[in-house]
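Visitor: Dropping in run-v3.cif, which is mmCIF, C-alpha atoms and all ligand atoms:
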```cif
data_coords
loop_
_atom_site.label_atom_id
_atom_site.label_comp_id
_atom_site.auth_asym_id
_atom_site.auth_seq_id
_atom_site.Cartn_x
_atom_site.Cartn_y
_atom_site.Cartn_z
CA MET A 1 -8.14 -19.47 -15.47
CA THR A 2 -5.38 -17.12 -14.37
CA GLN A 3 -2.11 -18.72 -13.24
CA LEU A 4 0.79 -17.41 -11.16
CA HIS A 5 3.08 -17.25 -14.21
CA ASP A 6 0.59 -15.20 -16.26
CA LYS A 7 1.36 -11.58 -17.12
CA LEU A 8 -0.71 -8.82 -15.55
CA LEU A 9 -1.67 -5.71 -17.48
CA LEU A 10 -2.11 -2.67 -15.26
CA PRO A 11 -4.86 -0.17 -16.19
CA ASN A 12 -2.22 2.22 -17.54
CA GLY A 13 -0.87 -0.43 -19.95
CA VAL A 14 2.26 -1.41 -17.98
CA GLU A 15 2.88 -5.14 -18.18
CA ILE A 16 3.95 -7.14 -15.11
CA LYS A 17 5.72 -10.39 -15.94
CA ASN A 18 3.92 -12.60 -13.41
CA ARG A 19 1.76 -12.57 -10.26
CA PHE A 20 4.47 -12.52 -7.57
CA PHE A 21 4.78 -9.28 -5.61
CA LYS A 22 7.61 -8.80 -3.12
CA ALA A 23 5.96 -6.65 -0.45
CA ALA A 24 7.78 -3.82 1.34
CA MET A 25 10.17 -4.62 4.16
CA SER A 26 11.98 -1.79 5.85
CA GLU A 27 15.66 -2.63 5.40
CA GLY A 28 17.34 -0.33 7.92
CA MET A 29 20.31 -0.20 5.55
CA ALA A 30 20.78 3.47 4.79
CA ASP A 31 23.98 5.17 5.95
CA GLU A 32 24.04 7.75 8.75
CA TYR A 33 22.97 10.41 6.24
CA ASN A 34 19.97 8.25 5.20
CA ARG A 35 21.44 7.51 1.78
CA PRO A 36 21.22 4.17 -0.06
CA THR A 37 24.21 1.88 0.47
CA LYS A 38 25.96 -0.99 -1.34
CA LYS A 39 24.18 -3.44 0.97
CA LEU A 40 20.84 -2.13 -0.23
CA VAL A 41 21.94 -2.47 -3.86
CA ARG A 42 23.01 -6.08 -3.29
CA LEU A 43 19.71 -6.92 -1.56
CA TYR A 44 17.64 -5.64 -4.48
CA GLU A 45 19.91 -7.24 -7.05
CA THR A 46 19.19 -10.53 -5.29
CA TRP A 47 15.43 -9.96 -5.35
CA ALA A 48 15.60 -8.93 -9.01
CA GLU A 49 16.93 -12.43 -9.64
CA SER A 50 13.98 -13.96 -7.80
CA GLU A 51 11.72 -13.57 -10.88
CA ALA A 52 9.13 -11.63 -8.84
CA GLY A 53 7.02 -9.44 -11.15
CA ILE A 54 7.06 -6.45 -8.79
CA VAL A 55 9.52 -5.74 -6.01
CA VAL A 56 8.56 -2.94 -3.62
CA THR A 57 11.26 -1.24 -1.55
CA GLY A 58 11.03 -0.79 2.20
CA ASN A 59 9.46 2.50 3.19
CA VAL A 60 11.43 5.53 2.01
CA MET A 61 10.73 8.69 3.95
CA VAL A 62 9.66 11.97 2.40
CA ASP A 63 11.05 14.12 5.21
CA LYS A 64 14.33 13.77 7.09
CA ARG A 65 12.69 15.22 10.19
CA ALA A 66 10.23 12.33 10.20
CA LEU A 67 11.99 8.95 10.27
CA GLY A 68 10.17 5.74 11.14
CA GLU A 69 13.44 3.97 11.98
CA PRO A 70 17.02 5.25 12.30
CA ARG A 71 18.35 3.84 9.01
CA ASN A 72 15.46 4.67 6.65
CA VAL A 73 16.38 5.99 3.24
CA VAL A 74 15.15 9.58 2.88
CA VAL A 75 14.45 11.16 -0.52
CA GLU A 76 13.62 14.83 -0.27
CA ASN A 77 15.93 16.28 -2.92
CA GLU A 78 18.16 15.15 -5.79
CA LYS A 79 21.47 15.18 -4.00
CA ASP A 80 21.66 11.37 -3.80
CA LEU A 81 20.36 10.81 -7.33
CA ASP A 82 23.45 8.84 -8.41
CA LEU A 83 23.08 6.44 -5.47
CA LEU A 84 19.37 6.08 -6.17
CA LYS A 85 20.18 5.28 -9.81
CA LEU A 86 22.49 2.45 -8.71
CA TRP A 87 19.73 1.07 -6.49
CA ALA A 88 17.14 1.30 -9.28
CA LYS A 89 19.45 -0.26 -11.85
CA ALA A 90 20.16 -3.28 -9.65
CA GLY A 91 16.51 -3.78 -8.70
CA THR A 92 15.11 -3.54 -12.22
CA LYS A 93 17.32 -6.27 -13.72
CA ASN A 94 15.53 -9.06 -15.60
CA GLY A 95 12.51 -6.88 -16.35
CA THR A 96 11.63 -6.63 -12.65
CA GLN A 97 9.34 -3.77 -11.73
CA LEU A 98 10.95 -1.91 -8.83
CA TRP A 99 8.56 0.38 -6.99
CA MET A 100 9.64 2.76 -4.27
CA GLN A 101 7.34 2.72 -1.27
CA ILE A 102 7.04 6.28 0.00
CA ASN A 103 5.94 7.10 3.50
CA HIS A 104 5.62 9.59 6.30
CA PRO A 105 5.39 7.89 9.70
CA GLY A 106 3.38 10.59 11.45
CA LYS A 107 3.36 9.70 15.14
CA GLN A 108 4.58 6.14 14.64
CA VAL A 109 8.22 7.01 15.27
CA PHE A 110 10.35 5.52 18.02
CA LYS A 111 11.31 7.81 20.87
CA GLY A 112 14.73 9.40 20.45
CA ILE A 113 14.78 9.20 16.64
CA VAL A 114 13.11 12.49 15.82
CA LYS A 115 12.92 15.82 17.63
CA GLU A 116 9.17 15.98 17.39
CA ALA A 117 6.46 13.61 16.17
CA VAL A 118 3.45 14.96 14.28
CA ALA A 119 -0.02 13.53 13.63
CA PRO A 120 -3.48 14.57 12.45
CA SER A 121 -4.45 14.98 16.13
CA GLN A 122 -2.84 14.59 19.51
CA VAL A 123 -4.03 11.09 20.42
CA GLU A 124 -1.86 8.90 22.62
CA PHE A 125 -0.85 5.34 21.85
CA GLU A 126 -2.19 2.35 23.74
CA PRO A 127 -0.59 2.28 27.23
CA LYS A 128 1.60 -0.75 26.36
CA LEU A 129 3.27 1.23 23.57
CA GLN A 130 3.63 4.60 25.27
CA ARG A 131 7.14 3.74 26.42
CA TYR A 132 8.26 3.37 22.78
CA PHE A 133 6.40 6.19 21.03
CA PRO A 134 6.24 9.90 21.91
CA VAL A 135 3.08 12.01 22.13
CA ALA A 136 2.69 13.74 18.78
CA ARG A 137 1.80 17.34 18.00
CA GLU A 138 -1.22 18.11 15.80
CA LEU A 139 -0.26 19.17 12.27
CA GLN A 140 -1.16 22.64 11.04
CA GLU A 141 -2.87 22.87 7.66
CA LYS A 142 0.16 24.38 5.93
CA GLU A 143 2.24 21.43 7.16
CA ILE A 144 -0.32 19.01 5.71
CA ILE A 145 0.01 20.74 2.33
CA ASP A 146 3.79 20.57 2.59
CA ILE A 147 3.71 16.82 3.27
CA ILE A 148 1.43 16.24 0.26
CA GLN A 149 3.93 18.10 -1.92
CA ARG A 150 6.77 16.10 -0.42
CA PHE A 151 5.15 12.81 -1.49
CA ALA A 152 4.88 14.16 -5.03
CA HIS A 153 8.46 15.39 -5.02
CA THR A 154 9.85 12.09 -3.74
CA ALA A 155 7.86 10.21 -6.41
CA THR A 156 9.28 12.48 -9.12
CA ILE A 157 12.83 11.81 -7.96
CA ALA A 158 12.13 8.06 -7.80
CA LYS A 159 10.99 8.17 -11.43
CA LYS A 160 14.03 10.20 -12.48
CA ALA A 161 16.33 7.69 -10.75
CA GLY A 162 14.86 4.78 -12.72
CA PHE A 163 12.37 3.23 -10.30
CA THR A 164 9.49 1.93 -12.41
CA GLY A 165 6.67 2.84 -10.01
CA VAL A 166 5.83 4.11 -6.55
CA GLN A 167 3.64 2.80 -3.79
CA LEU A 168 2.02 5.15 -1.28
CA HIS A 169 2.12 3.64 2.21
CA GLY A 170 -1.44 4.09 3.42
CA ALA A 171 -1.42 1.17 5.88
CA HIS A 172 -0.04 -0.03 9.24
CA GLY A 173 -0.69 3.04 11.37
CA TYR A 174 1.57 5.52 9.56
CA LEU A 175 0.50 9.06 8.69
CA ILE A 176 -1.90 8.32 5.81
CA SER A 177 -3.57 5.61 7.85
CA GLN A 178 -3.70 7.96 10.88
CA PHE A 179 -5.65 10.44 8.73
CA LEU A 180 -8.03 7.69 7.59
CA SER A 181 -8.75 6.48 11.12
CA PRO A 182 -11.41 8.20 13.25
CA ARG A 183 -9.55 6.92 16.31
CA HIS A 184 -6.42 8.88 15.42
CA ASN A 185 -7.94 11.72 13.41
CA LYS A 186 -10.11 14.00 15.58
CA ARG A 187 -9.77 17.08 13.38
CA THR A 188 -12.72 19.34 12.83
CA ASP A 189 -11.41 21.01 9.64
CA LYS A 190 -11.65 19.62 6.10
CA TRP A 191 -9.01 16.95 6.93
CA GLY A 192 -11.07 15.21 9.61
CA GLY A 193 -14.57 14.18 10.62
CA SER A 194 -16.47 12.49 7.77
CA LEU A 195 -14.82 9.70 5.79
CA GLU A 196 -14.75 12.05 2.80
CA ASN A 197 -12.63 14.45 4.87
CA ARG A 198 -10.43 11.75 6.39
CA MET A 199 -9.56 10.31 2.97
CA ARG A 200 -8.78 13.75 1.54
CA PHE A 201 -5.11 13.52 2.58
CA LEU A 202 -4.59 10.23 0.69
CA LEU A 203 -6.53 11.35 -2.38
CA GLU A 204 -4.70 14.67 -2.53
CA ILE A 205 -1.37 12.84 -2.32
CA TYR A 206 -2.47 10.53 -5.13
CA ARG A 207 -3.60 13.47 -7.31
CA LYS A 208 -0.38 15.43 -6.75
CA VAL A 209 1.82 12.42 -7.40
CA ARG A 210 -0.13 11.60 -10.58
CA GLU A 211 0.19 15.21 -11.76
CA GLN A 212 3.97 14.97 -11.37
CA VAL A 213 4.70 11.49 -12.74
CA GLY A 214 2.13 11.30 -15.56
CA GLU A 215 -0.44 8.71 -16.60
CA SER A 216 1.88 5.93 -17.68
CA PHE A 217 3.93 5.69 -14.45
CA PRO A 218 2.40 3.15 -12.04
CA ILE A 219 1.15 4.39 -8.70
CA GLY A 220 0.07 1.83 -6.15
CA VAL A 221 -1.19 2.16 -2.63
CA LYS A 222 -0.98 -0.10 0.42
CA LEU A 223 -4.15 0.11 2.43
CA ASN A 224 -5.47 -1.39 5.64
CA SER A 225 -8.61 -3.47 5.34
CA ALA A 226 -9.17 -2.14 8.89
CA ASP A 227 -7.29 -0.83 11.94
CA PHE A 228 -8.64 -3.58 14.18
CA MET A 229 -8.86 -0.98 16.95
CA LYS A 230 -11.85 0.25 18.92
CA ALA A 231 -13.39 3.24 17.11
CA GLY A 232 -10.90 2.76 14.29
CA PHE A 233 -11.01 2.55 10.48
CA THR A 234 -13.48 -0.15 9.44
CA GLU A 235 -13.76 -2.54 6.51
CA GLU A 236 -16.82 -0.66 5.22
CA GLU A 237 -14.77 2.54 5.18
CA ALA A 238 -11.83 0.80 3.51
CA LEU A 239 -14.17 -0.31 0.70
CA GLN A 240 -15.25 3.31 0.18
CA VAL A 241 -11.61 4.42 -0.02
CA ILE A 242 -10.85 1.67 -2.54
CA LYS A 243 -13.79 2.82 -4.66
CA ALA A 244 -12.54 6.41 -4.62
CA LEU A 245 -8.99 5.40 -5.54
CA ASP A 246 -10.26 3.18 -8.34
CA HIS A 247 -12.30 6.09 -9.66
CA LEU A 248 -9.17 8.27 -9.73
CA GLY A 249 -7.23 5.64 -11.72
CA ILE A 250 -4.96 3.94 -9.15
CA ASP A 251 -2.89 1.20 -10.79
CA LEU A 252 -2.64 -1.36 -7.98
CA ILE A 253 -4.07 -1.70 -4.46
CA GLU A 254 -2.25 -3.80 -1.88
CA ILE A 255 -4.38 -4.98 1.01
CA SER A 256 -3.02 -5.42 4.49
CA GLY A 257 -4.25 -4.43 7.95
CA GLY A 258 -3.31 -3.36 11.48
CA SER A 259 -0.56 -1.25 13.01
CA TYR A 260 2.02 -1.48 15.80
CA GLU A 261 -0.89 -1.23 18.21
CA SER A 262 -2.67 -4.20 16.70
CA PRO A 263 -0.28 -5.98 14.32
CA GLN A 264 -2.70 -8.03 12.22
CA MET A 265 -0.39 -7.63 9.22
CA THR A 266 2.02 -10.16 10.74
CA GLY A 267 -0.74 -12.58 11.71
CA VAL A 268 -1.13 -11.47 15.35
CA ASN A 269 -4.78 -11.50 16.55
CA VAL A 270 -6.01 -12.74 13.16
CA LYS A 271 -9.29 -14.67 13.53
CA LYS A 272 -9.05 -18.45 13.05
CA SER A 273 -11.74 -18.35 10.35
CA THR A 274 -9.63 -15.85 8.40
CA LYS A 275 -6.50 -17.94 8.78
CA LYS A 276 -8.24 -20.90 7.20
CA ARG A 277 -7.73 -19.27 3.83
CA GLU A 278 -3.98 -18.97 4.47
CA ALA A 279 -3.72 -15.30 3.54
CA TYR A 280 -5.20 -13.10 6.26
CA PHE A 281 -7.05 -10.56 4.10
CA LEU A 282 -8.48 -12.70 1.29
CA GLU A 283 -12.06 -12.44 2.55
CA PHE A 284 -11.81 -8.68 2.47
CA ALA A 285 -10.22 -8.74 -0.99
CA THR A 286 -13.22 -10.66 -2.26
CA GLU A 287 -15.40 -7.79 -1.06
CA ALA A 288 -13.04 -5.20 -2.55
CA ARG A 289 -13.31 -6.96 -5.93
CA LYS A 290 -17.04 -6.19 -5.92
CA VAL A 291 -16.56 -2.43 -5.63
CA SER A 292 -13.46 -1.87 -7.75
CA THR A 293 -11.84 -2.98 -10.97
CA ALA A 294 -8.30 -1.98 -9.91
CA PRO A 295 -5.82 -4.87 -9.72
CA LEU A 296 -5.36 -6.12 -6.14
CA VAL A 297 -2.49 -7.61 -4.16
CA VAL A 298 -3.17 -9.44 -0.92
CA THR A 299 -0.21 -9.59 1.45
CA GLY A 300 0.08 -11.45 4.73
CA GLY A 301 0.20 -15.16 5.44
CA PHE A 302 0.80 -16.74 2.02
CA ARG A 303 3.10 -19.75 2.53
CA SER A 304 2.05 -22.53 0.14
CA LEU A 305 2.03 -22.72 -3.62
CA SER A 306 -1.44 -24.31 -3.51
CA GLY A 307 -2.80 -21.41 -1.38
CA MET A 308 -1.35 -18.88 -3.80
CA LYS A 309 -2.59 -20.71 -6.89
CA GLU A 310 -6.07 -20.97 -5.43
CA ALA A 311 -6.24 -17.26 -4.58
CA ILE A 312 -5.16 -16.30 -8.10
CA MET A 313 -7.30 -18.85 -9.89
CA GLU A 314 -10.47 -17.94 -8.03
CA GLY A 315 -9.77 -14.29 -8.82
CA ALA A 316 -9.74 -13.06 -5.20
CA THR A 317 -6.46 -11.26 -5.87
CA SER A 318 -4.47 -10.29 -8.97
CA MET A 319 -1.07 -10.82 -7.33
CA VAL A 320 0.25 -12.59 -4.23
CA GLY A 321 2.21 -10.44 -1.81
CA LEU A 322 5.18 -12.00 -0.03
CA ALA A 323 7.26 -10.26 2.61
CA ARG A 324 8.74 -12.46 5.39
CA PRO A 325 9.01 -15.50 3.08
CA MET A 326 11.33 -13.52 0.81
CA ALA A 327 13.51 -12.41 3.70
CA VAL A 328 14.34 -16.02 4.45
CA TYR A 329 14.01 -17.47 0.93
CA PRO A 330 15.01 -14.56 -1.32
CA TYR A 331 14.52 -16.54 -4.56
CA LEU A 332 11.14 -17.98 -3.59
CA PRO A 333 9.06 -16.94 -6.67
CA LYS A 334 11.63 -18.59 -8.94
CA GLU A 335 11.56 -21.76 -6.82
CA PHE A 336 7.76 -21.87 -6.97
CA LEU A 337 7.59 -21.09 -10.69
CA HIS A 338 10.10 -23.81 -11.57
CA GLY A 339 8.67 -26.50 -9.31
CA LYS A 340 11.62 -26.51 -6.89
CA ARG A 341 9.46 -25.97 -3.81
CA ASP A 342 5.79 -26.09 -2.98
CA SER A 343 5.60 -24.51 0.46
CA ILE A 344 7.62 -22.96 3.26
CA GLU A 345 7.13 -22.84 7.01
CA LEU A 346 7.81 -19.78 9.11
CA GLU A 347 7.27 -19.94 12.85
CA PRO A 348 6.19 -16.95 14.89
CA ARG A 349 9.30 -15.38 16.41
CA LYS A 350 8.99 -15.08 20.17
CA THR A 351 11.54 -14.34 22.89
CA GLY A 352 9.41 -15.39 25.84
CA ILE A 353 9.60 -11.78 27.08
CA LYS A 354 5.91 -10.81 27.23
CA LEU A 355 6.41 -7.11 26.65
CA VAL A 356 8.48 -7.77 23.52
CA ASP A 357 6.29 -10.57 22.17
CA GLN A 358 3.04 -8.57 22.43
CA THR A 359 4.03 -6.20 19.64
CA ALA A 360 5.25 -6.80 16.11
CA MET A 361 8.70 -5.54 16.99
CA LEU A 362 10.44 -8.87 17.47
CA GLU A 363 9.08 -10.19 14.17
CA LEU A 364 10.47 -7.14 12.44
CA THR A 365 13.83 -7.44 14.17
CA TRP A 366 14.30 -11.11 13.35
CA TYR A 367 13.47 -10.58 9.68
CA SER A 368 15.61 -7.42 9.44
CA ASN A 369 18.51 -9.55 10.55
CA GLN A 370 17.90 -11.84 7.55
CA LEU A 371 17.78 -8.87 5.17
CA GLU A 372 21.09 -7.66 6.57
CA ARG A 373 22.60 -11.06 5.74
CA ILE A 374 21.41 -10.92 2.13
CA GLY A 375 22.71 -7.36 1.85
CA LYS A 376 26.13 -8.52 3.03
CA GLY A 377 26.13 -11.36 0.50
CA GLU A 378 25.69 -14.01 3.23
CA ALA A 379 23.24 -16.91 3.36
CA THR A 380 20.06 -16.37 5.36
CA LYS A 381 19.73 -18.21 8.69
CA PRO A 382 16.27 -19.72 9.24
CA GLY A 383 17.38 -21.18 12.60
CA LEU A 384 18.53 -17.85 14.08
CA SER A 385 17.52 -17.50 17.74
CA PRO A 386 15.01 -14.65 18.31
CA LYS A 387 16.88 -13.61 21.46
CA VAL A 388 20.16 -13.32 19.57
CA ALA A 389 18.42 -11.29 16.83
CA LEU A 390 16.97 -9.00 19.49
CA MET A 391 20.33 -8.45 21.20
CA GLN A 392 22.01 -7.70 17.87
CA SER A 393 19.26 -5.26 16.96
CA LEU A 394 19.37 -3.44 20.31
CA TRP A 395 23.10 -3.05 19.90
CA LYS A 396 22.82 -1.89 16.26
CA ASN A 397 19.89 0.48 16.91
CA GLY A 398 21.65 1.94 19.92
CA LEU A 399 24.66 2.71 17.78
CA ASP A 400 22.47 3.97 14.93
CA VAL A 401 20.64 6.45 17.12
CA PHE A 402 23.99 7.60 18.47
CA GLN A 403 25.41 8.09 14.96
CA MET A 404 22.33 9.71 13.41
CA ARG A 405 22.70 13.11 11.81
CA ARG A 406 19.70 15.02 13.09
CA VAL A 407 18.36 18.05 11.26
C1 LIG B 1 11.14 -6.68 8.67
C2 LIG B 1 9.83 -6.18 8.14
C3 LIG B 1 9.73 -4.88 7.70
C4 LIG B 1 8.53 -4.41 7.16
N1 LIG B 1 8.50 -3.15 6.64
C5 LIG B 1 7.42 -2.74 5.96
C6 LIG B 1 7.43 -1.50 5.27
O1 LIG B 1 8.42 -0.77 5.23
N2 LIG B 1 6.30 -1.15 4.61
C7 LIG B 1 5.19 -1.95 4.58
O2 LIG B 1 4.19 -1.59 3.95
N3 LIG B 1 5.15 -3.12 5.22
C8 LIG B 1 6.23 -3.54 5.89
N4 LIG B 1 6.23 -4.78 6.48
C9 LIG B 1 5.00 -5.61 6.39
C10 LIG B 1 5.04 -6.53 5.18
O3 LIG B 1 5.06 -5.83 3.95
C11 LIG B 1 3.82 -7.46 5.16
O4 LIG B 1 2.65 -6.67 5.06
C12 LIG B 1 3.73 -8.39 6.38
O5 LIG B 1 5.01 -8.88 6.74
C13 LIG B 1 2.80 -9.58 6.10
O6 LIG B 1 3.18 -10.29 4.96
P1 LIG B 1 3.98 -11.72 5.05
O7 LIG B 1 3.11 -12.66 5.82
O8 LIG B 1 4.18 -12.13 3.62
O9 LIG B 1 5.25 -11.44 5.77
C14 LIG B 1 7.40 -5.25 7.09
C15 LIG B 1 7.49 -6.56 7.56
C16 LIG B 1 8.68 -7.04 8.08
C17 LIG B 1 8.76 -8.46 8.54
#
```
Since I need it in another form, could you write the structure as structure tokens?
Guide:
Amino acid sequence: MTQLHDKLLLPNGVEIKNRFFKAAMSEGMADEYNRPTKKLVRLYETWAESEAGIVVTGNVMVDKRALGEPRNVVVENEKDLDLLKLWAKAGTKNGTQLWMQINHPGKQVFKGIVKEAVAPSQVEFEPKLQRYFPVARELQEKEIIDIIQRFAHTATIAKKAGFTGVQLHGAHGYLISQFLSPRHNKRTDKWGGSLENRMRFLLEIYRKVREQVGESFPIGVKLNSADFMKAGFTEEEALQVIKALDHLGIDLIEISGGSYESPQMTGVNVKKSTKKREAYFLEFATEARKVSTAPLVVTGGFRSLSGMKEAIMEGATSMVGLARPMAVYPYLPKEFLHGKRDSIELEPRKTGIKLVDQTAMLELTWYSNQLERIGKGEATKPGLSPKVALMQSLWKNGLDVFQMRRV
């Protein structure tokens, strides 16, 4: 029976040293020119000492005109190659696989950060989020082609800099997931309509990236099991997409779910029956196993060693994805592997302000604050007050937006 410390062989022959997968967390640590910083290097050096088999970076943007958050790293040319090399070197210590997560946010960009938001179609956000996100313009076909090429270009630079893989961000309501969702994609050309058309954007990105990086360089994808929105992307459709990606030779599929509009990925709105299995998307992974042979990662909700062991031993997932746990306990895989700990507890972060607590934003803010501490070489602070984290973030983001260099 497979164990957490067992190696994993990807379909392309790359060996992963164990079954722990540090899932992407947007760091917000780039400088005002969206370049990697020393803080980012220190954060990944820390995680490279955690003994996790794969560490995925926070989302790196493929286009400076399309930032998800003010301090995203952007990789659209080679001018920051030396900085990227430092980042890759630190994060690949101890045989750690360091994969760059590459992303285009589409319409999921906070107001004031970009001049113009773009999307497959002009579909507004839920009313409760309209104050945060602008109405996006529909992409023209030539812009879609340009974005596909940008993904491939960013992946090529990541490889050149020494990252050992890339992960396409196809989940959480960003551009790829907007294309997949019939709620957000109302196009009538070859990029919308049938599922075959809606998945074309993702599959074309995969093909172009593969063409550029070659067969032996790992390409993963993070995919929603569903949108959990009315008229959205369904589990049946997600299974079809997984099948298609498997057929094309994807190396690893990470399963998550939701978006800012319905943040299932952080445990909000997750059904009690699903929560029983600790990780939110394990049931779906079991279904995915039946249609695909690609290795799987399930992320969201894992907190106990016994829950992780069980998921690996029963074969529901090939790796266990950990995000928030590794923001508070950065060496967690090592502690689990060496018997120093057998579970952690993380409470939902709430301010008591309904508008703030309804979305995933506070969760993200509180955990970003912990990442910032690791990046500065400080100890994490599990007891940090959510209100204090929120105030600090509002202050920092205000300054960030003010200092941003817009193109
Ligand atoms: C601060 C923060 C930032 C995140 N940024 C990203 C991101 O850039 N890309 C991504 O795919 N998921 C992102 N996530 C979601 C996590 O990867 C993960 O799917 C989610 O937190 C559930 O896993 P967990 O229960 O282990 O935290 C972020 C989560 C947090 C808390």
Visitor: Could you list, with a cut-off of 7 Å and counting all atoms listed in the file, the residues of chain A near ligand LIG 1 (chain B), each shown with its nearest atom pair and the distance in Å rounded to one decimal, rows sorted by chain and ascending number, as CSV?
Guide:
```
residue,atom,partner,partner_atom,distance
A:Ala23,CA,B:LIG1,O3,4.6
A:Ala24,CA,B:LIG1,O3,4.3
A:Met25,CA,B:LIG1,N1,3.3
A:Ser26,CA,B:LIG1,O1,3.8
A:Glu27,CA,B:LIG1,C3,6.7
A:Gly58,CA,B:LIG1,O1,4.0
A:Asn59,CA,B:LIG1,O1,4.0
A:His169,CA,B:LIG1,O2,5.9
A:Ala171,CA,B:LIG1,O2,6.5
A:His172,CA,B:LIG1,O2,7.0
A:Lys222,CA,B:LIG1,O2,6.4
A:Ser256,CA,B:LIG1,O4,5.8
A:Met265,CA,B:LIG1,C13,4.9
A:Thr266,CA,B:LIG1,C13,4.7
A:Thr299,CA,B:LIG1,O6,4.9
A:Gly300,CA,B:LIG1,O6,3.3
A:Gly301,CA,B:LIG1,O7,3.9
A:Phe302,CA,B:LIG1,O8,5.9
A:Gly321,CA,B:LIG1,O8,6.0
A:Leu322,CA,B:LIG1,O8,3.8
A:Ala323,CA,B:LIG1,O8,3.7
A:Arg324,CA,B:LIG1,O9,3.7
A:Pro325,CA,B:LIG1,O8,5.9
A:Glu363,CA,B:LIG1,C17,5.9
A:Leu364,CA,B:LIG1,C1,3.9
A:Thr365,CA,B:LIG1,C1,6.2
A:Tyr367,CA,B:LIG1,C1,4.7
A:Ser368,CA,B:LIG1,C1,4.6
```
Visitor: Out of A:Lys243, A:Ser225, A:Ala152, A:Leu139, which residue has the shortest atom-to-atom distance to Asp189 in chain A when counting all atoms listed in the file?
Guide: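 Of A:Lys243, A:Ser225, A:Ala152, A:Leu139, the one nearest Asp189 in chain A, counting all atoms listed in the file, is A:Leu139.
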Visitor: Can you tell me, as a list in words, what residues are no more than 6 Å from Lys7 in chain A when counting all atoms listed in the file, ignoring any on the same chain fewer than 2 positions away?
Guide: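 Using all atoms listed in the file, the neighbours found are Ile16, Lys17 and Asn18 of chain A.
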Visitor: Using only C-alpha atoms for the distances, tell me which of A:Tyr280, A:Lys93, A:Glu76, A:Tyr260 is nearest to Tyr132 in chain A.
Guide: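 When distances to Tyr132 in chain A are compared using only C-alpha atoms, the smallest one comes from A:Tyr260.
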Visitor: Between A:Asn77, A:Thr37, A:Gln167, A:Thr380, which is the closest to Ile54 in chain A once you count only C-alpha atoms?
Guide: A:Gln167
Visitor: For the atom pair CA of Lys128 in chain A and CA of Leu180 in chain A, what is the interatomic distance in Å to one decimal place?
Guide: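 One can read the CA of Lys128 in chain A to CA of Leu180 in chain A distance as 22.7 Å.
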Visitor: Within 6 Å of Ala316 in chain A, counting only C-alpha atoms, which residues qualify if same-chain residues fewer than 2 places away don't, as a PyMOL selection string?
Guide: chain A and resi 286+311+314
Visitor: Please provide as a PyMOL selection string all residues within 9 Å of Leu81 in chain A, with the sequence filter that same-chain residues fewer than 3 positions apart are discarded (counting only C-alpha atoms).
Guide: chain A and resi 77-78+84-86+157-158+160-161
Visitor: For CA of Glu32 in chain A and CA of Ala48 in chain A, quote the distance in Å rounded to one decimal.
Guide: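 Going from CA of Glu32 in chain A over to CA of Ala48 in chain A, I get 25.8 Å.
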Visitor: What is the distance between CA of Asn72 in chain A and CA of Ala52 in chain A, in Å to one decimal?
Guide: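 Separation between CA of Asn72 in chain A and CA of Ala52 in chain A: 23.4 Å.
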Visitor: Pick out the residues sitting within 8 Å of Glu69 in chain A, and hand them over as a PyMOL selection string; count only C-alpha atoms, and ignore anything fewer than 4 positions along from it in its own chain.
Guide: chain A and resi 28+109-110+113
Visitor: List the spatial neighbours of His153 in chain A as an MDAnalysis selection string - criterion: any atom at most 12 Å away, all atoms listed in the file, same-chain residues fewer than 6 positions off excluded.
Guide: chainID A and resid 61:63 74:78 102 146:147 159:160 166 205:206 208:213
Visitor: Put the listed atoms of range 216-232 of chain A in a box along x, y and z with 5 Å added on every side and give me the centre and edge lengths in Å to one decimal, as AutoDock Vina command-line options.
Guide:
```
--center_x -4.7 --center_y 1.2 --center_z 0.6 --size_x 27.3 --size_y 19.5 --size_z 46.6
```
Visitor: Between A:Arg341, A:Arg71, A:Lys334, A:Lys290, which one has atoms that come closest to Glu49 in chain A, using only C-alpha atoms?
Guide: A:Lys334
Visitor: Find, counting only C-alpha atoms, the residue in A:Pro348, A:Gly91, A:Gly232, A:Gly377 that gets nearest to Leu362 in chain A.
Guide: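 Checking each candidate against Leu362 in chain A, we get A:Pro348 as the closest.
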